[in-house]
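Shown next: input.txt, containing compact mmCIF, C-alpha atoms.
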```txt
# COMPACT_ATOMS: atom_id res chain seq x y z
CA MET I 1 -66.64 59.06 -200.01
CA GLN I 2 -64.85 60.00 -196.89
CA ARG I 3 -61.29 60.64 -196.57
CA LEU I 4 -60.87 61.11 -200.20
CA PRO I 5 -60.63 59.29 -201.00
CA SER I 6 -59.64 57.99 -198.56
CA LEU I 7 -58.69 59.47 -197.29
CA ILE I 8 -57.43 62.15 -196.27
CA PHE I 9 -55.77 64.66 -198.43
CA PHE I 10 -53.14 66.50 -196.36
CA LEU I 11 -51.04 68.93 -198.19
CA PHE I 12 -48.68 70.94 -196.06
CA PHE I 13 -46.27 70.68 -193.17
CA ALA I 14 -47.39 72.86 -190.28
CA SER I 15 -43.83 73.89 -189.63
CA ALA I 16 -43.44 75.08 -193.19
CA VAL I 17 -46.39 77.46 -193.21
CA ILE I 18 -46.52 80.90 -191.63
CA GLY I 19 -49.88 82.42 -190.74
CA GLN I 20 -53.40 81.46 -191.62
CA ASN I 21 -56.04 82.77 -193.98
CA ALA I 22 -59.67 83.58 -193.24
CA VAL I 23 -61.86 81.47 -195.53
CA ARG I 24 -65.62 82.02 -195.72
CA PHE I 25 -67.84 79.41 -197.37
CA GLU I 26 -71.29 80.57 -198.47
CA ILE I 27 -73.97 78.20 -199.77
CA LYS I 28 -75.76 80.21 -202.45
CA SER I 29 -78.19 77.55 -203.61
CA LEU I 30 -79.71 74.36 -202.17
CA PRO I 31 -81.76 71.65 -203.93
CA PRO I 32 -85.39 72.74 -204.38
CA TYR I 33 -86.60 69.97 -202.07
CA ASP I 34 -84.35 71.03 -199.18
CA ASN I 35 -86.46 72.36 -196.30
CA SER I 36 -83.68 74.70 -195.12
CA ASP I 37 -83.67 73.07 -191.67
CA SER I 38 -80.67 70.88 -192.42
CA GLU I 39 -77.50 70.70 -190.40
CA ILE I 40 -74.79 71.11 -193.02
CA PHE I 41 -71.08 70.32 -192.63
CA LEU I 42 -67.81 70.83 -194.45
CA ALA I 43 -65.68 67.68 -194.77
CA GLY I 44 -62.24 67.69 -196.31
CA SER I 45 -58.52 67.28 -196.06
CA PHE I 46 -58.34 69.87 -193.29
CA ASN I 47 -60.44 67.82 -190.83
CA GLY I 48 -59.75 64.21 -191.75
CA TRP I 49 -62.83 64.02 -193.98
CA ASN I 50 -65.11 63.93 -190.95
CA PRO I 51 -68.66 64.32 -192.36
CA GLN I 52 -70.14 65.60 -189.09
CA ASP I 53 -67.41 67.67 -187.46
CA LYS I 54 -69.11 70.27 -185.26
CA ASN I 55 -66.10 72.55 -185.73
CA PHE I 56 -66.95 72.65 -189.44
CA GLN I 57 -70.73 73.02 -189.22
CA PHE I 58 -72.35 75.79 -191.24
CA ASN I 59 -74.20 78.57 -189.46
CA LYS I 60 -77.59 79.74 -190.73
CA THR I 61 -78.56 83.38 -191.03
CA ALA I 62 -82.01 84.79 -190.24
CA ASN I 63 -82.96 84.64 -193.91
CA GLY I 64 -81.98 80.98 -194.19
CA ASN I 65 -78.57 81.28 -195.84
CA TYR I 66 -75.71 79.05 -194.72
CA PHE I 67 -72.14 80.20 -194.08
CA LEU I 68 -68.99 78.94 -192.39
CA GLU I 69 -65.83 80.85 -191.52
CA ILE I 70 -62.60 79.01 -190.73
CA LYS I 71 -58.85 79.61 -190.73
CA LEU I 72 -56.66 77.64 -193.12
CA ASN I 73 -52.96 77.64 -193.83
CA SER I 74 -51.86 78.51 -197.35
CA SER I 75 -52.06 75.26 -199.26
CA TYR I 76 -54.22 73.14 -201.56
CA TYR I 77 -57.27 71.29 -200.23
CA GLU I 78 -60.14 69.06 -201.30
CA TYR I 79 -63.57 68.97 -199.69
CA LYS I 80 -67.26 68.12 -199.99
CA ILE I 81 -70.49 69.25 -198.35
CA THR I 82 -72.56 66.82 -196.27
CA ARG I 83 -75.62 66.80 -194.06
CA GLY I 84 -73.86 64.78 -191.38
CA GLY I 85 -72.87 61.55 -193.11
CA TRP I 86 -71.54 60.10 -196.35
CA ASP I 87 -75.02 58.75 -197.08
CA LYS I 88 -76.12 62.39 -197.07
CA VAL I 89 -73.31 63.85 -199.14
CA GLU I 90 -73.85 66.31 -201.97
CA CYS I 91 -74.42 64.88 -205.46
CA THR I 92 -75.75 65.95 -208.85
CA ASP I 93 -79.46 66.60 -209.44
CA SER I 94 -79.65 63.08 -210.91
CA SER I 95 -77.99 61.33 -207.92
CA GLU I 96 -74.54 60.93 -209.50
CA ASP I 97 -71.43 61.35 -207.35
CA VAL I 98 -69.56 64.63 -207.71
CA LEU I 99 -65.81 65.04 -207.68
CA ASN I 100 -64.09 66.53 -204.67
CA ARG I 101 -64.21 70.30 -204.64
CA GLN I 102 -60.73 71.78 -204.92
CA LEU I 103 -59.41 74.82 -203.14
CA LYS I 104 -56.04 76.55 -203.26
CA ILE I 105 -55.59 79.07 -200.47
CA ASN I 106 -52.93 81.76 -200.29
CA SER I 107 -54.98 84.71 -198.94
CA ASP I 108 -58.30 85.53 -197.27
CA THR I 109 -61.12 84.48 -199.57
CA THR I 110 -64.85 83.76 -199.90
CA ILE I 111 -66.10 80.60 -201.61
CA GLU I 112 -69.64 80.45 -203.05
CA ILE I 113 -71.18 76.98 -203.27
CA THR I 114 -74.16 75.56 -205.14
CA ILE I 115 -75.56 72.22 -203.97
CA GLN I 116 -77.36 70.37 -206.77
CA GLY I 117 -78.63 67.43 -204.73
CA TRP I 118 -78.35 65.31 -201.58
CA LYS I 119 -77.59 61.62 -201.93
CA ASP I 120 -80.21 60.45 -199.46
CA HIS I 121 -83.00 62.18 -201.42
CA PHE I 122 -82.82 59.49 -204.07
CA SER I 123 -84.02 55.92 -203.72
CA PRO I 124 -81.43 53.32 -202.63
CA VAL I 125 -81.83 51.57 -205.97
CA ALA I 126 -80.99 54.76 -207.82
CA VAL I 127 -77.83 55.51 -205.85
CA LYS I 128 -76.50 52.05 -205.10
CA ARG I 129 -73.06 51.62 -206.62
CA LYS I 130 -72.04 48.41 -208.27
CA ASN I 131 -70.17 45.89 -206.14
CA THR I 132 -66.77 45.40 -207.78
CA THR I 133 -65.12 42.87 -205.51
CA GLY I 134 -63.72 39.87 -207.34
CA LYS I 135 -64.55 36.27 -206.49
CA ASN I 136 -61.33 35.99 -204.47
CA VAL I 137 -62.32 38.67 -201.94
CA GLN I 138 -64.21 37.91 -198.76
CA ILE I 139 -64.95 39.60 -195.45
CA ILE I 140 -63.34 37.83 -192.51
CA ASP I 141 -65.32 39.66 -189.86
CA THR I 142 -67.52 42.75 -189.73
CA ALA I 143 -66.57 43.43 -186.10
CA PHE I 144 -63.03 42.19 -185.48
CA LEU I 145 -61.95 43.38 -182.04
CA ILE I 146 -59.06 45.83 -181.64
CA PRO I 147 -58.36 45.15 -177.95
CA GLN I 148 -55.78 47.93 -177.66
CA LEU I 149 -58.48 50.51 -178.50
CA GLN I 150 -61.62 48.60 -177.48
CA ARG I 151 -63.15 49.06 -180.93
CA THR I 152 -64.18 46.70 -183.67
CA ARG I 153 -63.45 46.83 -187.36
CA ARG I 154 -64.40 45.13 -190.63
CA ILE I 155 -61.55 43.07 -192.08
CA TRP I 156 -61.28 41.93 -195.71
CA VAL I 157 -59.06 39.27 -197.25
CA TYR I 158 -58.02 38.54 -200.82
CA LEU I 159 -56.95 34.95 -201.54
CA PRO I 160 -55.25 34.32 -204.90
CA ASP I 161 -56.58 32.09 -207.64
CA GLY I 162 -55.79 28.47 -206.81
CA TYR I 163 -55.55 29.04 -203.06
CA ASN I 164 -58.27 26.50 -202.25
CA THR I 165 -56.85 23.80 -204.51
CA SER I 166 -53.18 24.00 -203.55
CA THR I 167 -50.89 23.73 -200.55
CA HIS I 168 -48.86 26.77 -201.55
CA ARG I 169 -47.99 29.44 -198.96
CA TYR I 170 -48.17 33.13 -199.81
CA PRO I 171 -46.71 36.51 -198.81
CA VAL I 172 -49.15 38.84 -197.02
CA LEU I 173 -49.77 42.52 -197.65
CA TYR I 174 -51.64 44.50 -194.97
CA MET I 175 -53.46 47.62 -196.19
CA HIS I 176 -55.31 50.47 -194.47
CA ASP I 177 -58.56 52.18 -195.52
CA GLY I 178 -60.05 48.80 -196.36
CA GLN I 179 -63.23 50.41 -197.70
CA ASN I 180 -61.24 51.62 -200.70
CA VAL I 181 -59.07 48.59 -201.40
CA PHE I 182 -61.37 46.17 -203.26
CA ASP I 183 -64.90 47.51 -203.71
CA ASP I 184 -66.27 50.63 -205.36
CA ALA I 185 -69.58 50.15 -203.52
CA THR I 186 -67.93 50.66 -200.11
CA SER I 187 -65.35 53.23 -201.16
CA TYR I 188 -65.72 56.92 -200.55
CA ALA I 189 -63.34 58.02 -203.30
CA GLY I 190 -63.03 55.12 -205.68
CA GLU I 191 -61.27 51.81 -205.13
CA TRP I 192 -57.65 50.79 -205.66
CA GLY I 193 -58.62 47.64 -207.57
CA VAL I 194 -56.06 45.59 -205.65
CA ASP I 195 -57.78 42.27 -206.34
CA GLU I 196 -57.98 42.87 -210.08
CA CYS I 197 -54.34 43.98 -210.10
CA ILE I 198 -52.96 40.92 -208.30
CA ASP I 199 -55.12 38.63 -210.44
CA THR I 200 -52.90 39.67 -213.36
CA MET I 201 -49.58 39.27 -211.54
CA LYS I 202 -47.31 36.26 -211.88
CA LYS I 203 -46.40 36.21 -208.21
CA LYS I 204 -49.46 36.13 -205.98
CA SER I 205 -50.02 37.21 -202.40
CA ILE I 206 -52.71 37.38 -199.77
CA VAL I 207 -54.00 40.88 -199.04
CA VAL I 208 -55.60 41.82 -195.73
CA ALA I 209 -57.46 45.14 -195.69
CA ILE I 210 -58.54 46.88 -192.49
CA ASP I 211 -61.37 49.41 -192.63
CA ASN I 212 -60.52 52.80 -191.20
CA GLY I 213 -62.26 54.03 -188.08
CA GLY I 214 -64.25 56.86 -189.65
CA THR I 215 -64.06 59.76 -187.23
CA LYS I 216 -61.16 57.98 -185.48
CA ARG I 217 -59.12 57.65 -188.68
CA LEU I 218 -56.80 60.55 -187.86
CA ASN I 219 -56.17 59.22 -184.37
CA GLU I 220 -55.56 55.63 -185.39
CA TYR I 221 -53.26 56.46 -188.28
CA CYS I 222 -51.17 59.02 -186.37
CA PRO I 223 -48.60 57.78 -183.82
CA TYR I 224 -48.37 61.19 -182.16
CA ASP I 225 -50.75 63.72 -180.63
CA PHE I 226 -51.63 66.30 -183.27
CA SER I 227 -53.14 69.75 -183.81
CA LEU I 228 -54.19 70.83 -187.30
CA SER I 229 -55.47 74.09 -188.73
CA GLY I 230 -56.08 75.51 -185.29
CA SER I 231 -59.32 73.58 -184.66
CA VAL I 232 -58.61 69.90 -185.31
CA SER I 233 -56.56 68.15 -182.67
CA GLY I 234 -56.45 64.76 -181.08
CA LYS I 235 -54.58 62.01 -179.36
CA GLY I 236 -52.39 59.83 -181.51
CA GLU I 237 -53.40 56.16 -181.35
CA GLY I 238 -51.11 54.88 -184.08
CA LYS I 239 -48.98 52.83 -181.71
CA GLN I 240 -52.01 50.90 -180.45
CA TYR I 241 -53.29 50.41 -184.00
CA VAL I 242 -49.97 49.00 -185.24
CA ASP I 243 -49.69 46.84 -182.11
CA PHE I 244 -53.10 45.41 -183.03
CA ILE I 245 -51.92 44.46 -186.51
CA VAL I 246 -48.74 42.84 -185.20
CA LYS I 247 -50.00 41.17 -182.01
CA ASN I 248 -53.58 40.29 -182.88
CA LEU I 249 -54.45 40.43 -186.57
CA LYS I 250 -51.26 38.93 -188.01
CA PRO I 251 -51.29 35.90 -185.67
CA PHE I 252 -54.93 35.32 -186.59
CA ILE I 253 -54.17 35.52 -190.32
CA ASP I 254 -51.12 33.28 -190.01
CA LYS I 255 -53.16 30.66 -188.16
CA LYS I 256 -56.19 30.75 -190.45
CA TYR I 257 -54.44 30.96 -193.84
CA ARG I 258 -51.38 29.46 -195.50
CA THR I 259 -49.00 32.39 -195.16
CA LEU I 260 -45.28 32.93 -195.33
CA THR I 261 -44.88 34.38 -191.86
CA ASP I 262 -41.35 35.82 -192.00
CA SER I 263 -40.58 39.50 -192.48
CA ASP I 264 -39.31 38.95 -196.02
CA ASN I 265 -42.87 38.06 -196.95
CA THR I 266 -44.88 40.49 -194.80
CA PHE I 267 -45.66 43.97 -196.12
CA ILE I 268 -47.75 47.00 -195.18
CA ALA I 269 -49.06 49.86 -197.33
CA GLY I 270 -51.36 52.86 -197.34
CA SER I 271 -51.88 56.37 -198.60
CA SER I 272 -51.98 59.79 -196.96
CA MET I 273 -52.41 59.04 -193.24
CA GLY I 274 -52.07 55.38 -194.21
CA GLY I 275 -48.64 56.25 -195.60
CA LEU I 276 -47.63 57.83 -192.32
CA ILE I 277 -48.70 54.85 -190.23
CA SER I 278 -47.05 52.40 -192.65
CA MET I 279 -43.75 54.25 -192.26
CA TYR I 280 -44.14 54.10 -188.49
CA ALA I 281 -44.95 50.38 -188.62
CA ILE I 282 -41.81 49.34 -190.49
CA LEU I 283 -39.66 51.51 -188.22
CA HIS I 284 -41.10 50.04 -185.02
CA TYR I 285 -41.50 46.47 -186.20
CA PRO I 286 -38.67 45.83 -188.66
CA GLU I 287 -38.62 42.21 -187.54
CA VAL I 288 -42.25 41.85 -188.69
CA PHE I 289 -42.53 43.97 -191.83
CA GLY I 290 -40.05 43.48 -194.64
CA GLY I 291 -41.54 46.11 -196.90
CA ALA I 292 -43.77 49.19 -196.90
CA GLY I 293 -45.67 51.16 -199.53
CA ILE I 294 -45.66 54.84 -198.56
CA PHE I 295 -48.13 56.59 -200.89
CA SER I 296 -48.54 60.38 -200.63
CA PRO I 297 -47.69 60.30 -196.92
CA ALA I 298 -49.20 62.86 -194.56
CA PHE I 299 -45.88 63.37 -192.78
CA TRP I 300 -46.84 66.94 -191.90
CA VAL I 301 -49.47 65.62 -189.47
CA GLY I 302 -46.74 63.78 -187.55
CA PRO I 303 -43.42 65.47 -188.36
CA ALA I 304 -41.82 63.53 -185.49
CA ILE I 305 -41.63 60.66 -187.98
CA PHE I 306 -38.44 62.21 -189.35
CA ASP I 307 -36.76 61.89 -185.96
CA GLU I 308 -37.99 58.30 -185.78
CA ILE I 309 -36.34 57.60 -189.13
CA LYS I 310 -33.07 59.11 -187.91
CA ASN I 311 -33.16 57.10 -184.69
CA SER I 312 -34.58 53.79 -185.91
CA GLY I 313 -33.94 53.64 -189.64
CA GLU I 314 -30.81 51.56 -189.24
CA LYS I 315 -32.92 48.69 -187.87
CA VAL I 316 -34.96 48.42 -191.06
CA LYS I 317 -33.78 45.61 -193.31
CA GLY I 318 -36.70 45.71 -195.72
CA ARG I 319 -37.79 47.57 -198.84
CA ILE I 320 -39.62 50.90 -198.87
CA TYR I 321 -41.50 52.29 -201.85
CA PHE I 322 -42.13 56.04 -201.68
CA TYR I 323 -44.61 57.78 -203.96
CA ALA I 324 -45.68 61.44 -204.20
CA GLY I 325 -47.52 63.56 -206.75
CA GLY I 326 -46.42 67.01 -207.80
CA ALA I 327 -50.02 68.25 -207.97
CA GLU I 328 -50.81 67.35 -204.37
CA SER I 329 -49.23 70.33 -202.60
CA GLU I 330 -46.06 72.34 -202.50
CA THR I 331 -44.75 70.29 -199.59
CA MET I 332 -45.83 66.73 -200.45
CA VAL I 333 -42.86 66.00 -202.71
CA PRO I 334 -40.23 67.66 -200.47
CA GLY I 335 -41.52 65.81 -197.41
CA THR I 336 -41.51 62.47 -199.18
CA GLU I 337 -38.05 63.12 -200.60
CA LYS I 338 -36.80 64.01 -197.12
CA ALA I 339 -37.92 60.65 -195.72
CA TYR I 340 -36.40 58.86 -198.72
CA GLU I 341 -33.04 60.61 -198.32
CA LEU I 342 -32.96 59.91 -194.60
CA MET I 343 -33.61 56.21 -195.17
CA LYS I 344 -30.96 56.06 -197.91
CA GLN I 345 -28.32 56.65 -195.27
CA PHE I 346 -28.88 53.17 -193.85
CA PRO I 347 -27.31 50.34 -195.87
CA ASN I 348 -29.50 47.53 -194.55
CA SER I 349 -32.64 48.72 -196.32
CA LYS I 350 -33.53 49.32 -199.95
CA GLU I 351 -35.59 52.29 -201.12
CA THR I 352 -37.07 53.60 -204.32
CA ILE I 353 -39.01 56.79 -204.93
CA VAL I 354 -41.48 57.70 -207.65
CA ILE I 355 -42.55 61.30 -208.26
CA VAL I 356 -45.34 61.94 -210.77
CA LYS I 357 -45.33 65.58 -211.80
CA ASP I 358 -49.09 65.88 -212.30
CA GLY I 359 -50.09 63.23 -209.75
CA LEU I 360 -53.10 64.09 -207.59
CA HIS I 361 -53.92 62.99 -204.08
CA ASN I 362 -56.66 60.49 -204.83
CA GLU I 363 -57.55 56.84 -205.24
CA PRO I 364 -57.47 56.79 -209.06
CA ARG I 365 -53.82 57.89 -208.94
CA TRP I 366 -52.89 55.37 -206.23
CA ARG I 367 -54.66 52.63 -208.16
CA ILE I 368 -52.32 53.27 -211.08
CA GLU I 369 -49.27 53.37 -208.84
CA PHE I 370 -50.17 50.23 -206.90
CA ALA I 371 -49.25 47.93 -209.77
CA GLU I 372 -45.73 49.35 -209.96
CA PHE I 373 -45.35 49.15 -206.18
CA TYR I 374 -46.50 45.53 -206.15
CA LYS I 375 -44.12 44.44 -208.89
CA TRP I 376 -41.20 46.18 -207.20
CA MET I 377 -42.03 44.96 -203.72
CA ILE I 378 -43.17 41.38 -204.25
CA ASN I 379 -42.05 40.31 -207.70
```

Would you mind writing the file out in structure tokens?
Amino acid sequence: MQRLPSLIFFLFFASAVIGQNAVRFEIKSLPPYDNSDSEIFLAGSFNGWNPQDKNFQFNKTANGNYFLEIKLNSSYYEYKITRGGWDKVECTDSSEDVLNRQLKINSDTTIEITIQGWKDHFSPVAVKRKNTTGKNVQIIDTAFLIPQLQRTRRIWVYLPDGYNTSTHRYPVLYMHDGQNVFDDATSYAGEWGVDECIDTMKKKSIVVAIDNGGTKRLNEYCPYDFSLSGSVSGKGEGKQYVDFIVKNLKPFIDKKYRTLTDSDNTFIAGSSMGGLISMYAILHYPEVFGGAGIFSPAFWVGPAIFDEIKNSGEKVKGRIYFYAGGAESETMVPGTEKAYELMKQFPNSKETIVIVKDGLHNEPRWRIEFAEFYKWMIN
């Protein structure tokens, strides 16, 4: 679990919130086998689900109790406790995964936490999750170079049934947070089940999934420099990341596989920060991407995206699918609706928007929504 799902769960626009609240987290109970010398961290939607963020490390009192005090804007958050990595995340006392902790903040508050278990305490056999990738999914490369950022990344590909026995060419969908796209064993919040979904569809496509960069996820999925919650800030690397997809990854995919290379058959999609960078991609490369899936977009991290829509939206000639859940935050739906309304002003593109009143910001919800997006976008 990492971003969580995915992925990140960002739930307010900085410009829409006034003031911050003092939030104190106190760990009241640790597993009986914990030696009390652990470095313990808070990972959640407020820090890009970084499992070892020093700004969110618990302090330890003289009597061995752990506490952490931070400032948070009034909003809704999700989080988990780790010991510095997702292999050391909290779990039940029988090694089972626990759901994200939920937190709604509108005033100063103290949160008391009980940790039942640590994942790495249990044997690998006991905690190993089942691999759920279908037979049509393969890993292209575990260290595909991103020359613009001098980093490497695992890349997955889904090839439809019949690909190897036909000469047919296929549309291509590029997706972010590749860990969560096909396989529950690699996901940090559950998988989207994209391979199983497309297996059932009449019109098939190739899907290319790019793993996120872990601690660099916020940077790579944000086109602009950002500062969040007073303590999380960074340099936006979204332009370089999108340039990599367009100038390096897509040419590789088009050369290696039988693809339909035109914009009418090239799509991009993602959730949360992946929604933000997908919106940016179709605005900056409308000649490349003919469609985008914008799921629960973290527009508040990069509010400049609205100016980009105003200035560049008329160039988009593709289709954009917007989704937001009413249970994500007070600002998720308004922000998504704002982008939708701005794009509706331009006659060359086609938009649709889906609002689910009780929709949460998580992979299970996006898995449900993906099927509707796919049918609308590709079928």

Please report the interatomic distance between atom CA of Glu337 of chain I and atom CA of Ile353 of chain I in Å with one decimal.
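If I compute the distance from atom CA of Glu337 of chain I to atom CA of Ile353 of chain I, I get 7.7 Å.
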
What is the atom CA of Asp195 of chain I to atom CA of Ala324 of chain I distance in Å?
22.8 Å

Rounded to one decimal place, report the atom CA of Ile282 of chain I-atom CA of Thr259 of chain I distance in Å.
19.0 Å

From the list I:Tyr77, I:Tyr257, I:Phe25, I:Phe41, which residue is nearest Asn362 of chain I when using only C-alpha atoms?
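Smallest separation from Asn362 of chain I among the options: I:Tyr77.
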
Any idea what's packed within 7 Å of segment 328-334 of chain I, counting all atoms listed in the file, ignoring anything in its chain fewer than 2 positions away? Could you give it as a list in words?
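Within the cut-off, the hits are Leu11, Phe12, Phe13, Ser75, Tyr76, Ser296, Ala324, Gly325, Gly326, Thr336, Glu337, Lys338, Gly359, Leu360 and His361 of chain I.
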
Taking into account only C-alpha atoms, which residue in the set I:Ser272, I:Asn265, I:Gln148, I:Thr167 is nearest to Leu249 of chain I?
I:Gln148

Mind rebuilding segment 174-201 of chain I with N, CA and C atoms and writing that out as a PDB file, in the frame of the given file?
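Saved to out.pdb:
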```pdb
ATOM      1  N   TYR I 174     -50.626  43.860-195.803  1.00  0.00           N
ATOM      2  CA  TYR I 174     -51.640  44.500-194.970  1.00  0.00           C
ATOM      3  C   TYR I 174     -51.863  45.922-195.475  1.00  0.00           C
ATOM      4  N   MET I 175     -53.136  46.301-195.653  1.00  0.00           N
ATOM      5  CA  MET I 175     -53.460  47.620-196.190  1.00  0.00           C
ATOM      6  C   MET I 175     -54.498  48.314-195.311  1.00  0.00           C
ATOM      7  N   HIS I 176     -54.388  49.629-195.239  1.00  0.00           N
ATOM      8  CA  HIS I 176     -55.310  50.470-194.470  1.00  0.00           C
ATOM      9  C   HIS I 176     -56.450  50.955-195.373  1.00  0.00           C
ATOM     10  N   ASP I 177     -57.410  51.660-194.767  1.00  0.00           N
ATOM     11  CA  ASP I 177     -58.560  52.180-195.520  1.00  0.00           C
ATOM     12  C   ASP I 177     -59.206  51.075-196.348  1.00  0.00           C
ATOM     13  N   GLY I 178     -59.544  49.978-195.668  1.00  0.00           N
ATOM     14  CA  GLY I 178     -60.050  48.800-196.360  1.00  0.00           C
ATOM     15  C   GLY I 178     -61.267  49.061-197.221  1.00  0.00           C
ATOM     16  N   GLN I 179     -62.058  50.081-196.886  1.00  0.00           N
ATOM     17  CA  GLN I 179     -63.230  50.410-197.700  1.00  0.00           C
ATOM     18  C   GLN I 179     -62.872  50.697-199.154  1.00  0.00           C
ATOM     19  N   ASN I 180     -61.654  51.182-199.365  1.00  0.00           N
ATOM     20  CA  ASN I 180     -61.240  51.620-200.700  1.00  0.00           C
ATOM     21  C   ASN I 180     -60.357  50.623-201.439  1.00  0.00           C
ATOM     22  N   VAL I 181     -60.073  49.501-200.833  1.00  0.00           N
ATOM     23  CA  VAL I 181     -59.070  48.590-201.400  1.00  0.00           C
ATOM     24  C   VAL I 181     -59.632  47.727-202.520  1.00  0.00           C
ATOM     25  N   PHE I 182     -60.841  47.164-202.324  1.00  0.00           N
ATOM     26  CA  PHE I 182     -61.370  46.170-203.260  1.00  0.00           C
ATOM     27  C   PHE I 182     -62.682  46.569-203.939  1.00  0.00           C
ATOM     28  N   ASP I 183     -63.500  47.384-203.286  1.00  0.00           N
ATOM     29  CA  ASP I 183     -64.900  47.510-203.710  1.00  0.00           C
ATOM     30  C   ASP I 183     -65.311  48.964-203.903  1.00  0.00           C
ATOM     31  N   ASP I 184     -65.797  49.274-205.092  1.00  0.00           N
ATOM     32  CA  ASP I 184     -66.270  50.630-205.360  1.00  0.00           C
ATOM     33  C   ASP I 184     -67.519  50.940-204.540  1.00  0.00           C
ATOM     34  N   ALA I 185     -68.326  49.927-204.240  1.00  0.00           N
ATOM     35  CA  ALA I 185     -69.580  50.150-203.520  1.00  0.00           C
ATOM     36  C   ALA I 185     -69.348  50.611-202.089  1.00  0.00           C
ATOM     37  N   THR I 186     -68.217  50.248-201.484  1.00  0.00           N
ATOM     38  CA  THR I 186     -67.930  50.660-200.110  1.00  0.00           C
ATOM     39  C   THR I 186     -66.954  51.830-200.050  1.00  0.00           C
ATOM     40  N   SER I 187     -66.365  52.176-201.171  1.00  0.00           N
ATOM     41  CA  SER I 187     -65.350  53.230-201.160  1.00  0.00           C
ATOM     42  C   SER I 187     -66.002  54.593-201.052  1.00  0.00           C
ATOM     43  N   TYR I 188     -65.224  55.555-200.612  1.00  0.00           N
ATOM     44  CA  TYR I 188     -65.720  56.920-200.550  1.00  0.00           C
ATOM     45  C   TYR I 188     -64.936  57.819-201.503  1.00  0.00           C
ATOM     46  N   ALA I 189     -64.086  57.232-202.336  1.00  0.00           N
ATOM     47  CA  ALA I 189     -63.340  58.020-203.300  1.00  0.00           C
ATOM     48  C   ALA I 189     -62.911  57.204-204.491  1.00  0.00           C
ATOM     49  N   GLY I 190     -63.491  56.033-204.645  1.00  0.00           N
ATOM     50  CA  GLY I 190     -63.030  55.120-205.680  1.00  0.00           C
ATOM     51  C   GLY I 190     -62.139  54.060-205.060  1.00  0.00           C
ATOM     52  N   GLU I 191     -62.066  52.913-205.689  1.00  0.00           N
ATOM     53  CA  GLU I 191     -61.270  51.810-205.130  1.00  0.00           C
ATOM     54  C   GLU I 191     -59.911  51.695-205.808  1.00  0.00           C
ATOM     55  N   TRP I 192     -58.993  51.019-205.132  1.00  0.00           N
ATOM     56  CA  TRP I 192     -57.650  50.790-205.660  1.00  0.00           C
ATOM     57  C   TRP I 192     -57.634  49.647-206.668  1.00  0.00           C
ATOM     58  N   GLY I 193     -58.620  48.776-206.654  1.00  0.00           N
ATOM     59  CA  GLY I 193     -58.620  47.640-207.570  1.00  0.00           C
ATOM     60  C   GLY I 193     -57.494  46.659-207.297  1.00  0.00           C
ATOM     61  N   VAL I 194     -57.191  46.446-206.018  1.00  0.00           N
ATOM     62  CA  VAL I 194     -56.060  45.590-205.650  1.00  0.00           C
ATOM     63  C   VAL I 194     -56.292  44.145-206.082  1.00  0.00           C
ATOM     64  N   ASP I 195     -57.515  43.668-205.945  1.00  0.00           N
ATOM     65  CA  ASP I 195     -57.780  42.270-206.340  1.00  0.00           C
ATOM     66  C   ASP I 195     -57.608  42.067-207.836  1.00  0.00           C
ATOM     67  N   GLU I 196     -58.147  42.984-208.633  1.00  0.00           N
ATOM     68  CA  GLU I 196     -57.980  42.870-210.080  1.00  0.00           C
ATOM     69  C   GLU I 196     -56.517  42.963-210.491  1.00  0.00           C
ATOM     70  N   CYS I 197     -55.762  43.813-209.787  1.00  0.00           N
ATOM     71  CA  CYS I 197     -54.340  43.980-210.100  1.00  0.00           C
ATOM     72  C   CYS I 197     -53.572  42.682-209.834  1.00  0.00           C
ATOM     73  N   ILE I 198     -53.735  42.116-208.655  1.00  0.00           N
ATOM     74  CA  ILE I 198     -52.960  40.920-208.300  1.00  0.00           C
ATOM     75  C   ILE I 198     -53.402  39.716-209.124  1.00  0.00           C
ATOM     76  N   ASP I 199     -54.667  39.704-209.555  1.00  0.00           N
ATOM     77  CA  ASP I 199     -55.120  38.630-210.440  1.00  0.00           C
ATOM     78  C   ASP I 199     -54.250  38.514-211.682  1.00  0.00           C
ATOM     79  N   THR I 200     -53.688  39.653-212.118  1.00  0.00           N
ATOM     80  CA  THR I 200     -52.900  39.670-213.360  1.00  0.00           C
ATOM     81  C   THR I 200     -51.412  39.431-213.120  1.00  0.00           C
ATOM     82  N   MET I 201     -50.998  39.383-211.847  1.00  0.00           N
ATOM     83  CA  MET I 201     -49.580  39.270-211.540  1.00  0.00           C
ATOM     84  C   MET I 201     -49.126  37.812-211.524  1.00  0.00           C
TER      85      MET I 201
END
```
